[in-house]
Structure formats: structure tokens, C-alpha cells
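K.L.:
My file is coords-v6.cif. It has mmCIF, C-alpha atoms:
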```
data_upload
loop_
_atom_site.group_PDB
_atom_site.id
_atom_site.type_symbol
_atom_site.label_atom_id
_atom_site.label_comp_id
_atom_site.auth_asym_id
_atom_site.auth_seq_id
_atom_site.Cartn_x
_atom_site.Cartn_y
_atom_site.Cartn_z
ATOM 1 C CA MET A 1 38.565 94.525 135.907
ATOM 2 C CA SER A 2 36.409 91.654 137.108
ATOM 3 C CA LEU A 3 37.540 89.144 139.699
ATOM 4 C CA ARG A 4 37.303 86.375 137.127
ATOM 5 C CA THR A 5 39.586 88.297 134.737
ATOM 6 C CA LYS A 6 42.137 88.922 137.473
ATOM 7 C CA LEU A 7 42.253 85.254 138.408
ATOM 8 C CA PHE A 8 42.408 84.246 134.748
ATOM 9 C CA LEU A 9 45.323 86.600 133.995
ATOM 10 C CA SER A 10 47.202 85.555 137.131
ATOM 11 C CA PHE A 11 47.379 82.021 135.732
ATOM 12 C CA LEU A 12 47.495 82.842 132.008
ATOM 13 C CA ILE A 13 50.697 84.917 131.979
ATOM 14 C CA PRO A 14 52.996 82.392 133.715
ATOM 15 C CA THR A 15 51.361 79.553 131.774
ATOM 16 C CA LEU A 16 52.156 81.243 128.444
ATOM 17 C CA MET A 17 55.727 81.902 129.590
ATOM 18 C CA TRP A 18 56.255 78.277 130.600
ATOM 19 C CA LEU A 19 54.709 77.108 127.330
ATOM 20 C CA ALA A 20 56.987 79.377 125.268
ATOM 21 C CA VAL A 21 60.083 78.223 127.133
ATOM 22 C CA GLY A 22 59.032 74.591 126.776
ATOM 23 C CA VAL A 23 58.518 74.920 123.020
ATOM 24 C CA TRP A 24 61.821 76.782 122.590
ATOM 25 C CA THR A 25 63.771 74.248 124.658
ATOM 26 C CA SER A 26 62.204 71.293 122.872
ATOM 27 C CA SER A 27 62.900 72.807 119.448
ATOM 28 C CA SER A 28 66.500 73.643 120.414
ATOM 29 C CA MET A 29 67.197 70.121 121.653
ATOM 30 C CA ARG A 30 65.731 68.574 118.486
ATOM 31 C CA ASN A 31 67.860 70.855 116.285
ATOM 32 C CA ILE A 32 70.973 70.020 118.304
ATOM 33 C CA GLY A 33 70.219 66.326 117.957
ATOM 34 C CA ARG A 34 69.783 66.520 114.184
ATOM 35 C CA GLU A 35 72.905 68.616 113.623
ATOM 36 C CA VAL A 36 75.149 66.558 115.875
ATOM 37 C CA THR A 37 73.868 63.249 114.509
ATOM 38 C CA GLY A 38 74.786 64.342 110.989
ATOM 39 C CA ILE A 39 78.244 65.546 112.043
ATOM 40 C CA LEU A 40 79.036 62.430 114.058
ATOM 41 C CA ASN A 41 77.829 60.120 111.299
ATOM 42 C CA ASP A 42 80.009 61.875 108.705
ATOM 43 C CA ASN A 43 83.073 61.830 110.971
ATOM 44 C CA GLU A 44 82.485 58.212 111.900
ATOM 45 C CA ARG A 45 82.385 57.245 108.233
ATOM 46 C CA SER A 46 85.646 59.072 107.556
ATOM 47 C CA VAL A 47 87.303 57.282 110.484
ATOM 48 C CA LYS A 48 86.006 53.973 109.120
ATOM 49 C CA TYR A 49 87.423 54.726 105.654
ATOM 50 C CA ALA A 50 90.794 55.621 107.205
ATOM 51 C CA VAL A 51 90.917 52.321 109.105
ATOM 52 C CA GLU A 52 90.085 50.411 105.932
ATOM 53 C CA MET A 53 92.812 52.242 103.985
ATOM 54 C CA VAL A 54 95.437 51.453 106.635
ATOM 55 C CA GLN A 55 94.460 47.789 106.628
ATOM 56 C CA ASP A 56 94.585 47.534 102.829
ATOM 57 C CA LEU A 57 97.854 49.492 102.671
ATOM 58 C CA GLU A 58 99.479 47.129 105.152
ATOM 59 C CA ARG A 59 98.149 44.113 103.222
ATOM 60 C CA MET A 60 99.704 45.449 100.013
ATOM 61 C CA ASP A 61 102.960 45.997 101.868
ATOM 62 C CA SER A 62 102.852 42.431 103.130
ATOM 63 C CA GLY A 63 102.049 41.222 99.619
ATOM 64 C CA ILE A 64 105.116 42.828 98.033
ATOM 65 C CA LEU A 65 107.323 41.383 100.753
ATOM 66 C CA LEU A 66 105.898 37.961 99.958
ATOM 67 C CA LYS A 67 106.781 38.460 96.289
ATOM 68 C CA ILE A 68 110.310 39.512 97.213
ATOM 69 C CA ASN A 69 110.531 36.193 99.065
ATOM 70 C CA GLY A 70 109.303 34.365 95.962
ATOM 71 C CA ASP A 71 105.567 33.880 96.690
ATOM 72 C CA VAL A 72 104.196 35.407 93.479
ATOM 73 C CA ALA A 73 100.713 33.858 93.762
ATOM 74 C CA ALA A 74 100.096 35.250 97.251
ATOM 75 C CA PHE A 75 101.281 38.699 96.116
ATOM 76 C CA ALA A 76 98.854 38.722 93.180
ATOM 77 C CA ALA A 77 95.878 37.621 95.279
ATOM 78 C CA ILE A 78 96.561 39.992 98.172
ATOM 79 C CA THR A 79 97.446 43.022 96.068
ATOM 80 C CA SER A 80 94.461 42.672 93.749
ATOM 81 C CA GLU A 81 91.963 42.626 96.596
ATOM 82 C CA ALA A 82 93.735 45.148 98.834
ATOM 83 C CA SER A 83 94.341 47.721 96.099
ATOM 84 C CA ALA A 84 90.675 47.644 95.066
ATOM 85 C CA GLY A 85 89.568 48.058 98.687
ATOM 86 C CA TYR A 86 92.044 50.894 99.251
ATOM 87 C CA LYS A 87 90.940 52.851 96.195
ATOM 88 C CA LYS A 88 87.277 52.374 97.092
ATOM 89 C CA ALA A 89 87.844 53.660 100.661
ATOM 90 C CA LEU A 90 89.881 56.611 99.400
ATOM 91 C CA ALA A 91 87.154 57.600 96.924
ATOM 92 C CA ALA A 92 84.529 57.352 99.680
ATOM 93 C CA ALA A 93 86.624 59.542 101.993
ATOM 94 C CA ILE A 94 87.029 62.178 99.266
ATOM 95 C CA ALA A 95 83.232 62.209 98.826
ATOM 96 C CA ASN A 96 82.701 62.632 102.577
ATOM 97 C CA ILE A 97 84.655 65.823 103.340
ATOM 98 C CA THR A 98 83.177 67.613 106.373
ATOM 99 C CA VAL A 99 86.093 68.935 108.477
ATOM 100 C CA PRO A 100 88.050 72.137 107.690
ATOM 101 C CA GLY A 101 91.416 71.175 106.210
ATOM 102 C CA GLU A 102 90.233 67.686 105.279
ATOM 103 C CA LYS A 103 90.159 68.409 101.542
ATOM 104 C CA GLU A 104 93.792 69.555 101.513
ATOM 105 C CA LEU A 105 94.829 66.488 103.492
ATOM 106 C CA LEU A 106 92.969 64.183 101.122
ATOM 107 C CA ASP A 107 94.614 65.890 98.122
ATOM 108 C CA THR A 108 97.990 65.126 99.702
ATOM 109 C CA LEU A 109 96.895 61.563 100.454
ATOM 110 C CA SER A 110 95.768 61.078 96.854
ATOM 111 C CA ARG A 111 99.190 62.170 95.552
ATOM 112 C CA LEU A 112 100.983 59.891 98.019
ATOM 113 C CA SER A 113 98.703 57.004 97.079
ATOM 114 C CA ASP A 114 99.408 57.471 93.364
ATOM 115 C CA GLN A 115 103.126 57.547 94.144
ATOM 116 C CA TYR A 116 102.798 54.413 96.277
ATOM 117 C CA PHE A 117 100.995 52.479 93.543
ATOM 118 C CA THR A 118 103.586 53.612 90.985
ATOM 119 C CA ASN A 119 106.450 52.469 93.198
ATOM 120 C CA LEU A 120 104.609 49.246 93.989
ATOM 121 C CA SER A 121 104.386 48.431 90.282
ATOM 122 C CA LEU A 122 108.088 49.192 89.802
ATOM 123 C CA ILE A 123 109.146 46.989 92.719
ATOM 124 C CA ALA A 124 106.774 44.221 91.607
ATOM 125 C CA ALA A 125 108.510 44.180 88.217
ATOM 126 C CA LYS A 126 111.962 43.857 89.855
ATOM 127 C CA PRO A 127 111.349 42.676 93.433
ATOM 128 C CA THR A 128 114.449 43.239 95.542
ATOM 129 C CA LEU A 129 114.660 44.089 99.237
ATOM 130 C CA ASP A 130 117.063 46.971 98.608
ATOM 131 C CA ALA A 131 114.700 48.567 96.092
ATOM 132 C CA TYR A 132 111.809 48.096 98.536
ATOM 133 C CA ASN A 133 113.703 49.769 101.385
ATOM 134 C CA GLN A 134 114.926 52.660 99.263
ATOM 135 C CA THR A 135 111.777 53.358 97.213
ATOM 136 C CA LEU A 136 108.561 51.725 98.359
ATOM 137 C CA TYR A 137 108.872 51.670 102.141
ATOM 138 C CA PRO A 138 109.381 55.470 102.536
ATOM 139 C CA THR A 139 106.266 56.025 100.413
ATOM 140 C CA PHE A 140 104.405 53.455 102.502
ATOM 141 C CA VAL A 141 105.320 55.308 105.714
ATOM 142 C CA SER A 142 104.331 58.721 104.318
ATOM 143 C CA THR A 143 101.015 57.389 103.054
ATOM 144 C CA ARG A 144 100.184 55.670 106.337
ATOM 145 C CA GLN A 145 101.025 58.859 108.265
ATOM 146 C CA ALA A 146 98.657 60.869 106.068
ATOM 147 C CA ILE A 147 95.898 58.329 106.691
ATOM 148 C CA SER A 148 96.561 58.520 110.425
ATOM 149 C CA ARG A 149 96.226 62.304 110.292
ATOM 150 C CA LEU A 150 92.898 61.884 108.488
ATOM 151 C CA ARG A 151 91.639 59.558 111.212
ATOM 152 C CA GLU A 152 92.866 61.854 113.985
ATOM 153 C CA MET A 153 91.274 64.877 112.325
ATOM 154 C CA ASN A 154 87.851 63.243 112.253
ATOM 155 C CA THR A 155 88.251 61.768 115.733
ATOM 156 C CA ASP A 156 89.042 65.243 117.082
ATOM 157 C CA ALA A 157 85.994 66.592 115.243
ATOM 158 C CA MET A 158 83.837 63.973 116.967
ATOM 159 C CA TYR A 159 85.158 65.019 120.380
ATOM 160 C CA SER A 160 84.569 68.675 119.490
ATOM 161 C CA ALA A 161 81.016 67.858 118.452
ATOM 162 C CA ALA A 162 80.445 66.077 121.765
ATOM 163 C CA ALA A 163 81.767 69.109 123.650
ATOM 164 C CA SER A 164 79.527 71.348 121.560
ATOM 165 C CA ILE A 165 76.532 69.211 122.491
ATOM 166 C CA ALA A 166 77.254 69.679 126.188
ATOM 167 C CA ASP A 167 77.701 73.438 125.798
ATOM 168 C CA ARG A 168 74.582 73.940 123.701
ATOM 169 C CA ALA A 169 72.555 71.686 125.970
ATOM 170 C CA LYS A 170 73.513 73.913 128.898
ATOM 171 C CA ARG A 171 72.399 76.986 126.972
ATOM 172 C CA ALA A 172 69.161 75.263 125.992
ATOM 173 C CA ALA A 173 68.484 74.426 129.646
ATOM 174 C CA LEU A 174 69.177 77.998 130.812
ATOM 175 C CA PRO A 175 65.658 79.313 130.033
ATOM 176 C CA GLY A 176 64.251 76.428 132.035
ATOM 177 C CA ASP A 177 66.403 77.437 135.008
ATOM 178 C CA LEU A 178 65.261 81.024 134.625
ATOM 179 C CA MET A 179 61.666 79.885 134.481
ATOM 180 C CA MET A 180 62.088 78.081 137.804
ATOM 181 C CA LEU A 181 63.190 81.382 139.309
ATOM 182 C CA ALA A 182 60.313 83.112 137.557
ATOM 183 C CA ALA A 183 57.923 80.499 138.993
ATOM 184 C CA VAL A 184 59.124 81.362 142.490
ATOM 185 C CA PHE A 185 58.714 85.079 141.736
ATOM 186 C CA PHE A 186 55.217 84.647 140.327
ATOM 187 C CA GLY A 187 54.268 82.417 143.241
ATOM 188 C CA LEU A 188 55.324 85.054 145.735
ATOM 189 C CA ALA A 189 53.700 87.790 143.675
ATOM 190 C CA PHE A 190 50.469 85.825 143.513
ATOM 191 C CA VAL A 191 50.460 85.367 147.289
ATOM 192 C CA VAL A 192 51.077 89.098 147.867
ATOM 193 C CA LEU A 193 48.523 90.277 145.299
ATOM 194 C CA SER A 194 45.863 87.777 146.316
ATOM 195 C CA ASN A 195 46.301 88.852 149.929
ATOM 196 C CA GLN A 196 46.114 92.514 148.951
ATOM 197 C CA TYR A 197 43.189 92.358 146.518
ATOM 198 C CA PHE A 198 41.256 89.274 147.579
ATOM 199 C CA VAL A 199 41.894 88.232 151.184
ATOM 200 C CA LYS A 200 42.077 91.639 152.893
ATOM 201 C CA PRO A 201 38.932 93.081 151.232
ATOM 202 C CA ILE A 202 36.949 89.945 152.081
ATOM 203 C CA LYS A 203 38.198 90.087 155.680
ATOM 204 C CA LYS A 204 37.043 93.717 155.844
ATOM 205 C CA LEU A 205 33.575 92.694 154.704
ATOM 206 C CA ILE A 206 33.433 89.821 157.194
ATOM 207 C CA ALA A 207 34.566 92.102 160.033
ATOM 208 C CA THR A 208 31.972 94.727 159.079
ATOM 209 C CA VAL A 209 29.127 92.208 158.929
ATOM 210 C CA SER A 210 30.202 90.654 162.262
ATOM 211 C CA GLN A 211 30.354 94.080 163.934
ATOM 212 C CA TRP A 212 26.970 95.038 162.521
ATOM 213 C CA ASN A 213 25.466 91.760 163.725
ATOM 214 C CA ARG A 214 26.925 92.063 167.236
ATOM 215 C CA SER A 215 26.522 95.733 168.036
ATOM 216 C CA GLY A 216 24.457 97.206 165.278
ATOM 217 C CA GLU A 217 27.316 99.511 164.326
ATOM 218 C CA PHE A 218 28.275 99.693 160.687
ATOM 219 C CA ASP A 219 31.807 100.943 160.138
ATOM 220 C CA MET A 220 33.100 99.700 156.768
ATOM 221 C CA GLU A 221 36.584 100.509 155.605
ATOM 222 C CA THR A 222 36.991 101.621 152.028
ATOM 223 C CA VAL A 223 37.271 98.753 149.517
ATOM 224 C CA GLU A 224 38.797 99.755 146.162
ATOM 225 C CA THR A 225 39.332 96.651 144.080
ATOM 226 C CA ASN A 226 37.235 97.585 141.012
ATOM 227 C CA ASP A 227 35.738 94.109 140.804
ATOM 228 C CA GLU A 228 32.972 91.962 142.256
ATOM 229 C CA ILE A 229 34.360 92.375 145.788
ATOM 230 C CA GLN A 230 33.888 96.137 145.569
ATOM 231 C CA GLU A 231 30.394 95.570 144.157
ATOM 232 C CA LEU A 232 29.659 93.359 147.150
ATOM 233 C CA ALA A 233 30.932 96.068 149.524
ATOM 234 C CA ASP A 234 28.789 98.684 147.781
ATOM 235 C CA GLY A 235 25.802 96.385 147.978
ATOM 236 C CA LEU A 236 26.377 95.790 151.673
ATOM 237 C CA ARG A 237 26.661 99.536 152.268
ATOM 238 C CA ASN A 238 23.408 100.109 150.373
ATOM 239 C CA LEU A 239 21.753 97.355 152.419
ATOM 240 C CA HIS A 240 22.823 99.039 155.638
ATOM 241 C CA GLN A 241 21.523 102.352 154.422
ATOM 242 C CA SER A 242 18.193 100.773 153.494
ATOM 243 C CA VAL A 243 17.892 99.037 156.862
ATOM 244 C CA ALA A 244 18.816 102.264 158.664
ATOM 245 C CA SER A 245 16.225 104.236 156.665
ATOM 246 C CA GLY A 246 13.581 101.615 157.458
ATOM 247 C CA ARG A 247 14.253 101.915 161.173
ATOM 248 C CA ARG A 248 13.867 105.657 161.020
#
```
Using C-alpha cells, write down the structure that the file contains.
P.N.:
Amino acid sequence: MSLRTKLFLSFLIPTLMWLAVGVWTSSSMRNIGREVTGILNDNERSVKYAVEMVQDLERMDSGILLKINGDVAAFAAITSEASAGYKKALAAAIANITVPGEKELLDTLSRLSDQYFTNLSLIAAKPTLDAYNQTLYPTFVSTRQAISRLREMNTDAMYSAAASIADRAKRAALPGDLMMLAAVFFGLAFVVLSNQYFVKPIKKLIATVSQWNRSGEFDMETVETNDEIQELADGLRNLHQSVASGRR
């Protein structure tokens, strides 16, 4: 193997390893980013829909209390707008199911919502405080609790996604940490091998030439590197033999 090939391979192998790890780490981080962005966006939308439903539910509750107190116009205006907003948010939440168990919870919420609107219509026809307390308010509480569970479910999913990011980021960085250790290993290996196959043979040649120049003695140690350095040693040995033959 030539000296050029040895030097080339000594740099090529670690370079390819670092390149592979860099590509893998970069690809992993991009995939994590895309996956987590989608999850967080979906959960954030569900939380937003839950907040809107709570607000509209509370507005409808306030509206029916206003009607019980005799303010029919305010009830009509508030209920018309709030009920439309509530139904729109509920439909959007149903179309944005991403968390395990969310579909079952939304089915329950849909049934409670239908019951709430039914009771709201009944109380609106005969608005009394006793009827509100006995019929509508319990449904209001149950519906609001279901919405709160929906919001908590998606909030917990967002926290879980954040924790997953941290865990996967650590795993993605692990090859980089290993490569730093590998860099130290290859650095030490390069020093040892270069000393063994490059520095020592060259020192032997220098020592031989110096000895030959000073005393005329030629005592070359064996050089077995199978590259240009060995060719140089063989050439130097042949030169000595030629010079010695010429003297004789």
C-alpha cells in the first residue's frame, strides 16, 4: 500500500463516519421537528376550541338568567350568537381528534351539549329560577366539566410531546457524543500509527545516512512498511552497495 493511500485512508474513514453521523443527526432532528410541530398545533387547536366552548356556554348561561329576570332581548341576542359559536367550536374539535380517548370524550360532550340545548329551550319557554336550578344548571355543570377534561387532555398531550422532544433530542445527540470519543480514539491511533509507520522508518533512514556520512559505516535496520519509505530504504541500500562496489 502506497504512502499516499495510507494517508488518504487515515483521513477518509473518520471523515465518512463524521459525515454519516452528521447526516443522521440532521435528519433525525428535522423529523422530530416536523412530527412535534404537527402534534402541538393539533393540541393547541383543540385547547382553543375548548376555551371558546366554555366562553360560549357561560354566555348562554348568563343569557338565560337575564331572561329569567325579564330581559328577553338580551337573552335572544346573547343566545343566538353564543350557541352558533359553541356549535362551530364543537364541530371543529370533533374534526381535530388526535389524542387517545379524545373521541369518546367528545361523544360524551356532544350528548351533554344536545341535552343542554334541549333544556335551554325548555327553560326559555317557561323561565323560572327553580326550573333553571333543577334542570338546566346541572346540565351546564356537566357540560363544562366535560369541556375542561377535553382541554386538560390536550394540555397534557402538549406537555408529553415536549417531554418526548427532550428525550428524542438526547437520543439524536448520542451519536455525536460517541463520535467525539471516536475522534479522540482515531486521533490517538493516528499518532501511534504515524509514529510506527512514518516517523520511526524515516528516523532510521536519517540515522543510517548520518552514520554513513560520519564514519563510512552503513548499518541500516530493516524497514518493512510496504510503501515509498521502504522503496527509499531499498534505494539507499542499493546506492551503498554501488558505492562500495565502485571503491573495490
K.L.:
What is the distance, in Å and to one decimal place, between atom CA of A:Ala73 and atom CA of A:Ser121?
P.N.:
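The value is 15.4 Å.
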K.L.:
I'd like the residues picked by the PyMOL selection byres ((chain A and resi 108) around 12) written out as a PyMOL selection string, using the chain letters and numbers from the file.
P.N.:
chain A and resi 90+94+101-107+109-115+142-147+149-150
K.L.:
Rounded to one decimal place, report the atom CA of A:Ala89-atom CA of A:Ser62 distance in Å.
P.N.:
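Separation between atom CA of A:Ala89 and atom CA of A:Ser62: 18.9 Å.
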K.L.:
So what do you get for atom CA of A:Lys126 versus atom CA of A:Lys87, distance-wise?
P.N.:
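We find that atom CA of A:Lys126 and atom CA of A:Lys87 lie 23.7 Å from each other.
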K.L.:
Restricting the calculation to all atoms listed in the file, which member of A:Ile68, A:Leu120, A:Val99, A:Ile78 is positioned closest to A:Asp56?
P.N.:
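Ranked by minimum distance to A:Asp56, first place goes to A:Ile78.
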K.L.:
Counting all atoms listed in the file, which of A:Leu181, A:Thr98, A:Met53, A:Lys67 gets nearest to A:Tyr86?
P.N.:
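Once distances to A:Tyr86 are computed over all atoms listed in the file, the minimum belongs to A:Met53.
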K.L.:
In terms of the shortest atom-to-atom distance over all atoms listed in the file, which of A:Asp71, A:Asp42, A:Glu152, A:Asp61 is closest to A:Thr139?
P.N.:
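Closest candidate: A:Asp61.
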K.L.:
Might you spell out which residues the PyMOL selection byres ((chain A and resi 96) around 9) would select in the displayed file, as a list in words?
P.N.:
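That expression, the PyMOL selection byres ((chain A and resi 96) around 9), corresponds here to Asp42, Asn43, Arg45, Ser46, Ala91, Ala92, Ala93, Ile94, Ala95, Ile97 and Thr98 of chain A.
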K.L.:
If you count only C-alpha atoms, which residues fall within 8 Å of A:Thr155, apart from same-chain ones fewer than 4 positions away, as a PyMOL selection string?
P.N.:
chain A and resi 43-44+47+151+159
K.L.:
Using all atoms listed in the file for the distances, tell me which of A:Ala207, A:Ala157, A:Ile64, A:Ile202 is nearest to A:Leu122.
P.N.:
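Using all atoms listed in the file, the shortest distance to A:Leu122 belongs to A:Ile64.
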K.L.:
List the residues matched by the PyMOL selection byres ((chain A and resi 133) around 12) in the displayed structure as a PDB file with C-alpha atoms, keeping the file's coordinate frame, ordered by chain and then by residue number.
P.N.:
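And here is the file that came out, result-v9.pdb:
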```
ATOM      1  CA  ASP A  61     102.960  45.997 101.868  1.00  0.00           C
ATOM      2  CA  ILE A  64     105.116  42.828  98.033  1.00  0.00           C
ATOM      3  CA  LEU A  65     107.323  41.383 100.753  1.00  0.00           C
ATOM      4  CA  ILE A  68     110.310  39.512  97.213  1.00  0.00           C
ATOM      5  CA  ASN A 119     106.450  52.469  93.198  1.00  0.00           C
ATOM      6  CA  LEU A 120     104.609  49.246  93.989  1.00  0.00           C
ATOM      7  CA  ILE A 123     109.146  46.989  92.719  1.00  0.00           C
ATOM      8  CA  PRO A 127     111.349  42.676  93.433  1.00  0.00           C
ATOM      9  CA  THR A 128     114.449  43.239  95.542  1.00  0.00           C
ATOM     10  CA  LEU A 129     114.660  44.089  99.237  1.00  0.00           C
ATOM     11  CA  ASP A 130     117.063  46.971  98.608  1.00  0.00           C
ATOM     12  CA  ALA A 131     114.700  48.567  96.092  1.00  0.00           C
ATOM     13  CA  TYR A 132     111.809  48.096  98.536  1.00  0.00           C
ATOM     14  CA  GLN A 134     114.926  52.660  99.263  1.00  0.00           C
ATOM     15  CA  THR A 135     111.777  53.358  97.213  1.00  0.00           C
ATOM     16  CA  LEU A 136     108.561  51.725  98.359  1.00  0.00           C
ATOM     17  CA  TYR A 137     108.872  51.670 102.141  1.00  0.00           C
ATOM     18  CA  PRO A 138     109.381  55.470 102.536  1.00  0.00           C
ATOM     19  CA  THR A 139     106.266  56.025 100.413  1.00  0.00           C
ATOM     20  CA  PHE A 140     104.405  53.455 102.502  1.00  0.00           C
ATOM     21  CA  VAL A 141     105.320  55.308 105.714  1.00  0.00           C
TER      22      VAL A 141
END
```
K.L.:
Please determine, counting all atoms listed in the file, which residue among A:Met158, A:Ala77, A:Lys48, A:Glu58 has the shortest atom-to-atom distance to A:Tyr116.
P.N.:
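So, comparing all the options, the nearest one is A:Glu58.
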K.L.:
Can you take the partial stretch 130-142 of chain A, add N, CA and C atoms, and return it as a PDB file, in the coordinates of the input?
P.N.:
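Printed below is rebuild-v8.pdb as written:
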```
ATOM      1  N   ASP A 130     116.422  45.655  98.610  1.00  0.00           N
ATOM      2  CA  ASP A 130     117.063  46.971  98.608  1.00  0.00           C
ATOM      3  C   ASP A 130     116.177  48.009  97.933  1.00  0.00           C
ATOM      4  N   ALA A 131     115.591  47.638  96.805  1.00  0.00           N
ATOM      5  CA  ALA A 131     114.700  48.567  96.092  1.00  0.00           C
ATOM      6  C   ALA A 131     113.471  48.885  96.942  1.00  0.00           C
ATOM      7  N   TYR A 132     112.957  47.881  97.648  1.00  0.00           N
ATOM      8  CA  TYR A 132     111.809  48.096  98.536  1.00  0.00           C
ATOM      9  C   TYR A 132     112.152  49.100  99.640  1.00  0.00           C
ATOM     10  N   ASN A 133     113.304  48.900 100.281  1.00  0.00           N
ATOM     11  CA  ASN A 133     113.703  49.769 101.385  1.00  0.00           C
ATOM     12  C   ASN A 133     113.973  51.192 100.925  1.00  0.00           C
ATOM     13  N   GLN A 134     114.533  51.335  99.746  1.00  0.00           N
ATOM     14  CA  GLN A 134     114.926  52.660  99.263  1.00  0.00           C
ATOM     15  C   GLN A 134     113.762  53.421  98.615  1.00  0.00           C
ATOM     16  N   THR A 135     112.821  52.705  98.013  1.00  0.00           N
ATOM     17  CA  THR A 135     111.777  53.358  97.213  1.00  0.00           C
ATOM     18  C   THR A 135     110.375  53.204  97.793  1.00  0.00           C
ATOM     19  N   LEU A 136     109.960  51.964  97.989  1.00  0.00           N
ATOM     20  CA  LEU A 136     108.561  51.725  98.359  1.00  0.00           C
ATOM     21  C   LEU A 136     108.274  51.980  99.833  1.00  0.00           C
ATOM     22  N   TYR A 137     109.157  51.560 100.713  1.00  0.00           N
ATOM     23  CA  TYR A 137     108.872  51.670 102.141  1.00  0.00           C
ATOM     24  C   TYR A 137     108.718  53.132 102.593  1.00  0.00           C
ATOM     25  N   PRO A 138     109.591  54.060 102.144  1.00  0.00           N
ATOM     26  CA  PRO A 138     109.381  55.470 102.536  1.00  0.00           C
ATOM     27  C   PRO A 138     108.014  56.003 102.092  1.00  0.00           C
ATOM     28  N   THR A 139     107.589  55.599 100.888  1.00  0.00           N
ATOM     29  CA  THR A 139     106.266  56.025 100.413  1.00  0.00           C
ATOM     30  C   THR A 139     105.161  55.401 101.254  1.00  0.00           C
ATOM     31  N   PHE A 140     105.362  54.142 101.636  1.00  0.00           N
ATOM     32  CA  PHE A 140     104.405  53.455 102.502  1.00  0.00           C
ATOM     33  C   PHE A 140     104.243  54.206 103.832  1.00  0.00           C
ATOM     34  N   VAL A 141     105.360  54.608 104.422  1.00  0.00           N
ATOM     35  CA  VAL A 141     105.320  55.308 105.714  1.00  0.00           C
ATOM     36  C   VAL A 141     104.615  56.658 105.573  1.00  0.00           C
ATOM     37  N   SER A 142     104.948  57.403 104.524  1.00  0.00           N
ATOM     38  CA  SER A 142     104.331  58.721 104.318  1.00  0.00           C
ATOM     39  C   SER A 142     102.822  58.599 104.098  1.00  0.00           C
TER      40      SER A 142
END
```
